[in-house]
Structures are given as C-alpha cells and as structure tokens.
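Asks: Let me begin by handing over the structure; questions about it come next.
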Amino acid sequence: MTIAVAMKVNGKAVSGQVEARTLLVQFLRENLRLTGTHVGCDTSQCGACVVHINGKAVKSCTTLAAQADGTEVTTIEGLARDGKLHPMQEAFREHHALQCGFCTPGMVMSAIDMLRRIPRPDEATIRHELEGNICRCTGYHNIVKAIQAAAKVMGG
C-alpha cells in the first residue's frame with residue numbers, strides 16, 4: 001500500500017508516494033538523494049541516522065516516513081548556510097572530531113540537539129548524551145572537545 005507524504009526538508013517542501021512501511025532514512029536517501037544521513041545498524045543503536053524533526057533529534061532508521069508527514073526535517077545537508085558550516089560542523093573540523101566520518105552526521109545532529117537542551121554541558125554530560133551514538137574510530141575525546149567548543153560559539 002502506498003501513501004502520500006509531504007514535509008519540509010532542509011527548508012524545502014517535498015512530497016512523494018511511499019510504501020507505508022518506508023523508513024524516514026530510506027525516504028531521505030532514496031527518494032530525495034540526501035545521502036548524508038547514514039544507515040549503520042538498522043536497530044536504532046548507532047546513531048548514524050540522526051536527523052531533526054521539528055528541531056528535535058530522532059533516529060530516522062526507526063521512524064516511518066509517514067510519521068514525518070507535515071513536519072520540518074533537517075538533515076546534515078541542511079545545516080550549512082550560504083556556504084558557511086554550522087558552528088558544530090566547524091568545531092568538529094577544527095578539533096579533528098572525526099576519522100572515517102561515518103558517524104559524524106549523526107554525532108553532529110545529536111550534539112546540536114544536546115546544546116539546544118543543555119547549553120553548557122560538562123564532559124560527563126556530553127559523554128552521557130552521546131550514548132546513543134557509536135564511533136568506532138575516535139575514542140570520543142576530540143568529539144567532546146568539539147562539542148564544548150561549539151557550545152561557547154553557539155552561546156552556551
């Protein structure tokens with residue numbers, strides 16, 4: 001059974017016909033060709049698929065596209081403005097908070113949501129908040145440093 005979905009993605013109105021069981025990550029990657037949102041585990045464990053729906057971080061691998069109908073979705077591709085990286089993206093670059101980069105989009109999206117809720121997190125809070133995001137490369141040290149730096153720039 002196909003259903004119609006319509007939402008705003010990265011500020012642009014989009015719509016499409018999808019199977020009722022289509023996951024949001026599939027809709028973003030396959031229908032809209034926004035491949036920055038990654039599929040890592042398919043079980044909501046790794047966090048590589050995190051996007052924002054109406055400003056809140058969600059794991060798009062366990063969210064149906066139909067659940068996002070009528071919402072505003074922001075992906076990693078929607079963060080930069082006028083060719084300038086979002087402060088969190090810039091902090092990840094500046095503090096070498098990535099290696100292979102697979103987890104980075106989800107980490108960045110989760111970190112932005114974290115700072116929205118907790119503007120000045122300490123290291124322990126950052127590490128706790130990132131428990132839903134797995135990185136197999138970095139050991140998290142530089143990720144924590146990047147989030148702390150971004151918090152200062154973003155007004156925390």
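The way I read the labels, and the way they are meant: chains A, B, ... in the order of the structure tokens, residue 1 as the first residue of every chain, and ligand 1 as the first ligand shown, with later ones counted on from there.
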With a distance cut-off of 7 Å and only C-alpha atoms, select the neighbouring residues of range 32-47 of chain A, excluding the residue or stretch itself and same-chain residues fewer than 6 positions from it, and output the selection as a list in words.
Replies: Val25, Lys59, Cys61, Thr62, Thr75, Ile76, Glu77, Pro105, Gly106, Gly132, Asn133 and Ile134 of chain A
Asks: Take the selection from the previous step and output its residues with C-alpha atoms, as a short mmCIF file (atom, residue, chain, number, x, y, z; two decimals), in the first residue's frame.
Replies:
data_model
loop_
_atom_site.label_atom_id
_atom_site.label_comp_id
_atom_site.auth_asym_id
_atom_site.auth_seq_id
_atom_site.Cartn_x
_atom_site.Cartn_y
_atom_site.Cartn_z
CA VAL A 25 16.05 7.35 6.34
CA LYS A 59 16.78 8.26 14.72
CA CYS A 61 16.10 4.35 10.85
CA THR A 62 13.22 3.61 13.22
CA THR A 75 19.46 16.68 7.78
CA ILE A 76 23.21 17.22 7.93
CA GLU A 77 22.94 18.75 4.43
CA PRO A 105 26.48 13.35 10.60
CA GLY A 106 24.60 11.65 13.43
CA GLY A 132 23.12 6.60 21.56
CA ASN A 133 25.86 7.39 19.04
CA ILE A 134 28.66 4.95 18.32
#
Asks: Quick one: pick out all helix (DSSP H, G or I) residues within chain A from a backbone DSSP run and write them as a ChimeraX atom specification.
Replies: /A:24-31,65-68,76-78,87-94,104-117,123-132,141-153
Asks: Thr71 in chain A: which residues within 8 Å, counting only C-alpha atoms, same-chain residues fewer than 6 positions away excluded, as a list in words?
Replies: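 Near Thr71 in chain A, the qualifying residues are Met7, Lys8, Ile53 and Asn54 of chain A.
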Asks: Using only C-alpha atoms, which of the listed residues (A:Ala97, A:Val50, A:Ala66, A:Val58) sits closest to Gly16 in chain A?
Replies: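 Closest candidate: A:Ala66.
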Asks: As a list in words, please: the residues near range 139-146 of chain A (cut-off 6 Å, only C-alpha atoms, same-chain neighbours under 6 positions excluded).
Replies: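 With the cut-off at 6 Å, the set is Ala91, Phe92, His95 and Ala97 of chain A.
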Asks: Write the residues you've just listed into a file as a PDB file, in the first residue's frame, and include N, CA and C atoms for each of them.
Replies:
ATOM      1  N   ALA A  91      33.304  23.171  14.441  1.00  0.00           N
ATOM      2  CA  ALA A  91      34.014  22.692  15.635  1.00  0.00           C
ATOM      3  C   ALA A  91      34.514  21.263  15.429  1.00  0.00           C
ATOM      4  N   PHE A  92      33.729  20.417  14.793  1.00  0.00           N
ATOM      5  CA  PHE A  92      34.173  19.050  14.505  1.00  0.00           C
ATOM      6  C   PHE A  92      35.391  19.081  13.583  1.00  0.00           C
ATOM      7  N   HIS A  95      38.522  20.655  15.579  1.00  0.00           N
ATOM      8  CA  HIS A  95      39.038  19.834  16.681  1.00  0.00           C
ATOM      9  C   HIS A  95      39.293  18.379  16.276  1.00  0.00           C
ATOM     10  N   ALA A  97      37.424  15.987  15.172  1.00  0.00           N
ATOM     11  CA  ALA A  97      36.470  15.113  15.860  1.00  0.00           C
ATOM     12  C   ALA A  97      35.901  14.042  14.938  1.00  0.00           C
TER      13      ALA A  97
END
Asks: Tell me which protein, DNA and RNA residues are within 12 Å of Arg120 in chain A, counting only C-alpha atoms, leaving out same-chain ones fewer than 4 positions away, and put them as a ChimeraX atom specification.
Replies: /A:111-112,114-116,124-126,147-156
Asks: Keeping only N, CA and C atoms, write those residues as a PDB file, in the first residue's frame.
Replies:
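Ended up saving to out28.pdb:
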ATOM      1  N   ALA A 111      24.591  16.340  18.737  1.00  0.00           N
ATOM      2  CA  ALA A 111      25.251  17.376  19.528  1.00  0.00           C
ATOM      3  C   ALA A 111      24.491  18.695  19.471  1.00  0.00           C
ATOM      4  N   ILE A 112      23.976  19.044  18.306  1.00  0.00           N
ATOM      5  CA  ILE A 112      23.192  20.283  18.185  1.00  0.00           C
ATOM      6  C   ILE A 112      21.947  20.199  19.053  1.00  0.00           C
ATOM      7  N   MET A 114      21.603  18.338  21.692  1.00  0.00           N
ATOM      8  CA  MET A 114      22.066  18.369  23.085  1.00  0.00           C
ATOM      9  C   MET A 114      22.238  19.813  23.550  1.00  0.00           C
ATOM     10  N   LEU A 115      22.899  20.640  22.744  1.00  0.00           N
ATOM     11  CA  LEU A 115      23.134  22.022  23.149  1.00  0.00           C
ATOM     12  C   LEU A 115      21.851  22.844  23.166  1.00  0.00           C
ATOM     13  N   ARG A 116      20.871  22.440  22.393  1.00  0.00           N
ATOM     14  CA  ARG A 116      19.564  23.107  22.458  1.00  0.00           C
ATOM     15  C   ARG A 116      18.936  22.864  23.834  1.00  0.00           C
ATOM     16  N   ALA A 124      31.128  14.993  31.412  1.00  0.00           N
ATOM     17  CA  ALA A 124      30.350  13.809  31.783  1.00  0.00           C
ATOM     18  C   ALA A 124      28.972  13.835  31.126  1.00  0.00           C
ATOM     19  N   THR A 125      28.358  15.003  31.076  1.00  0.00           N
ATOM     20  CA  THR A 125      27.036  15.131  30.447  1.00  0.00           C
ATOM     21  C   THR A 125      27.133  14.863  28.952  1.00  0.00           C
ATOM     22  N   ILE A 126      28.150  15.406  28.306  1.00  0.00           N
ATOM     23  CA  ILE A 126      28.326  15.176  26.866  1.00  0.00           C
ATOM     24  C   ILE A 126      28.480  13.685  26.593  1.00  0.00           C
ATOM     25  N   ILE A 147      32.362  19.546  20.852  1.00  0.00           N
ATOM     26  CA  ILE A 147      31.047  19.953  21.382  1.00  0.00           C
ATOM     27  C   ILE A 147      31.210  21.063  22.412  1.00  0.00           C
ATOM     28  N   GLN A 148      32.226  20.970  23.254  1.00  0.00           N
ATOM     29  CA  GLN A 148      32.481  22.033  24.233  1.00  0.00           C
ATOM     30  C   GLN A 148      32.811  23.342  23.525  1.00  0.00           C
ATOM     31  N   ALA A 149      33.616  23.278  22.462  1.00  0.00           N
ATOM     32  CA  ALA A 149      33.963  24.486  21.710  1.00  0.00           C
ATOM     33  C   ALA A 149      32.730  25.066  21.022  1.00  0.00           C
ATOM     34  N   ALA A 150      31.921  24.206  20.432  1.00  0.00           N
ATOM     35  CA  ALA A 150      30.705  24.686  19.760  1.00  0.00           C
ATOM     36  C   ALA A 150      29.746  25.318  20.746  1.00  0.00           C
ATOM     37  N   ALA A 151      29.686  24.790  21.954  1.00  0.00           N
ATOM     38  CA  ALA A 151      28.804  25.357  22.976  1.00  0.00           C
ATOM     39  C   ALA A 151      29.160  26.814  23.250  1.00  0.00           C
ATOM     40  N   LYS A 152      30.439  27.118  23.273  1.00  0.00           N
ATOM     41  CA  LYS A 152      30.872  28.504  23.506  1.00  0.00           C
ATOM     42  C   LYS A 152      30.452  29.406  22.356  1.00  0.00           C
ATOM     43  N   VAL A 153      30.627  28.915  21.131  1.00  0.00           N
ATOM     44  CA  VAL A 153      30.284  29.699  19.948  1.00  0.00           C
ATOM     45  C   VAL A 153      28.766  29.871  19.802  1.00  0.00           C
ATOM     46  N   MET A 154      28.046  28.822  20.165  1.00  0.00           N
ATOM     47  CA  MET A 154      26.588  28.830  19.998  1.00  0.00           C
ATOM     48  C   MET A 154      25.876  29.522  21.153  1.00  0.00           C
ATOM     49  N   GLY A 155      26.624  30.081  22.088  1.00  0.00           N
ATOM     50  CA  GLY A 155      26.002  30.873  23.144  1.00  0.00           C
ATOM     51  C   GLY A 155      25.830  30.170  24.464  1.00  0.00           C
ATOM     52  N   GLY A 156      26.423  28.987  24.606  1.00  0.00           N
ATOM     53  CA  GLY A 156      26.294  28.257  25.882  1.00  0.00           C
ATOM     54  C   GLY A 156      27.241  28.764  26.931  1.00  0.00           C
TER      55      GLY A 156
END
Asks: To one decimal place in Å, what is the distance between CA of Arg81 in chain A and CA of Leu130 in chain A?
Replies: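 Value for the CA of Arg81 in chain A-CA of Leu130 in chain A distance: 25.3 Å.
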Asks: Quick one: distance from CA of Met1 in chain A to CA of Ala20 in chain A in Å, one decimal?
Replies: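 Spanning CA of Met1 in chain A to CA of Ala20 in chain A is a straight-line distance of 6.1 Å.
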Asks: Can you pull out every residue within 10 Å of Ser15 in chain A, counting only C-alpha atoms, but drop anything in the same chain fewer than 4 positions away, and send it as an MDAnalysis selection string?
Replies: chainID A and resid 4:9 27 31:32 69:70
Asks: Restricting it to C-alpha atoms, dump the selection as a CSV table (one decimal), in the first residue's frame.
Replies:
chain,number,residue,atom,x,y,z
A,4,ALA,CA,1.4,10.2,0.2
A,5,VAL,CA,3.9,12.1,2.4
A,6,ALA,CA,4.7,15.8,2.4
A,7,MET,CA,7.1,17.6,4.6
A,8,LYS,CA,9.6,20.4,4.6
A,9,VAL,CA,13.2,19.0,4.4
A,27,PHE,CA,12.8,8.4,2.0
A,31,ASN,CA,13.7,9.5,-2.8
A,32,LEU,CA,15.4,12.8,-2.0
A,69,ASP,CA,4.4,13.8,7.3
A,70,GLY,CA,3.6,17.5,7.9
Asks: Return the single residue from A:Glu123, A:Glu72, A:Val108, A:Ala65 that is closest to Leu85 in chain A, with distances computed using only C-alpha atoms.
Replies: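 Selected residue with least distance to Leu85 in chain A: A:Val108.
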Asks: Between A:Ile118, A:Ile3, A:Val18, A:Cys137, single out the one closest to Cys103 in chain A, counting only C-alpha atoms.
Replies: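 The closest residue to Cys103 in chain A is A:Cys137.
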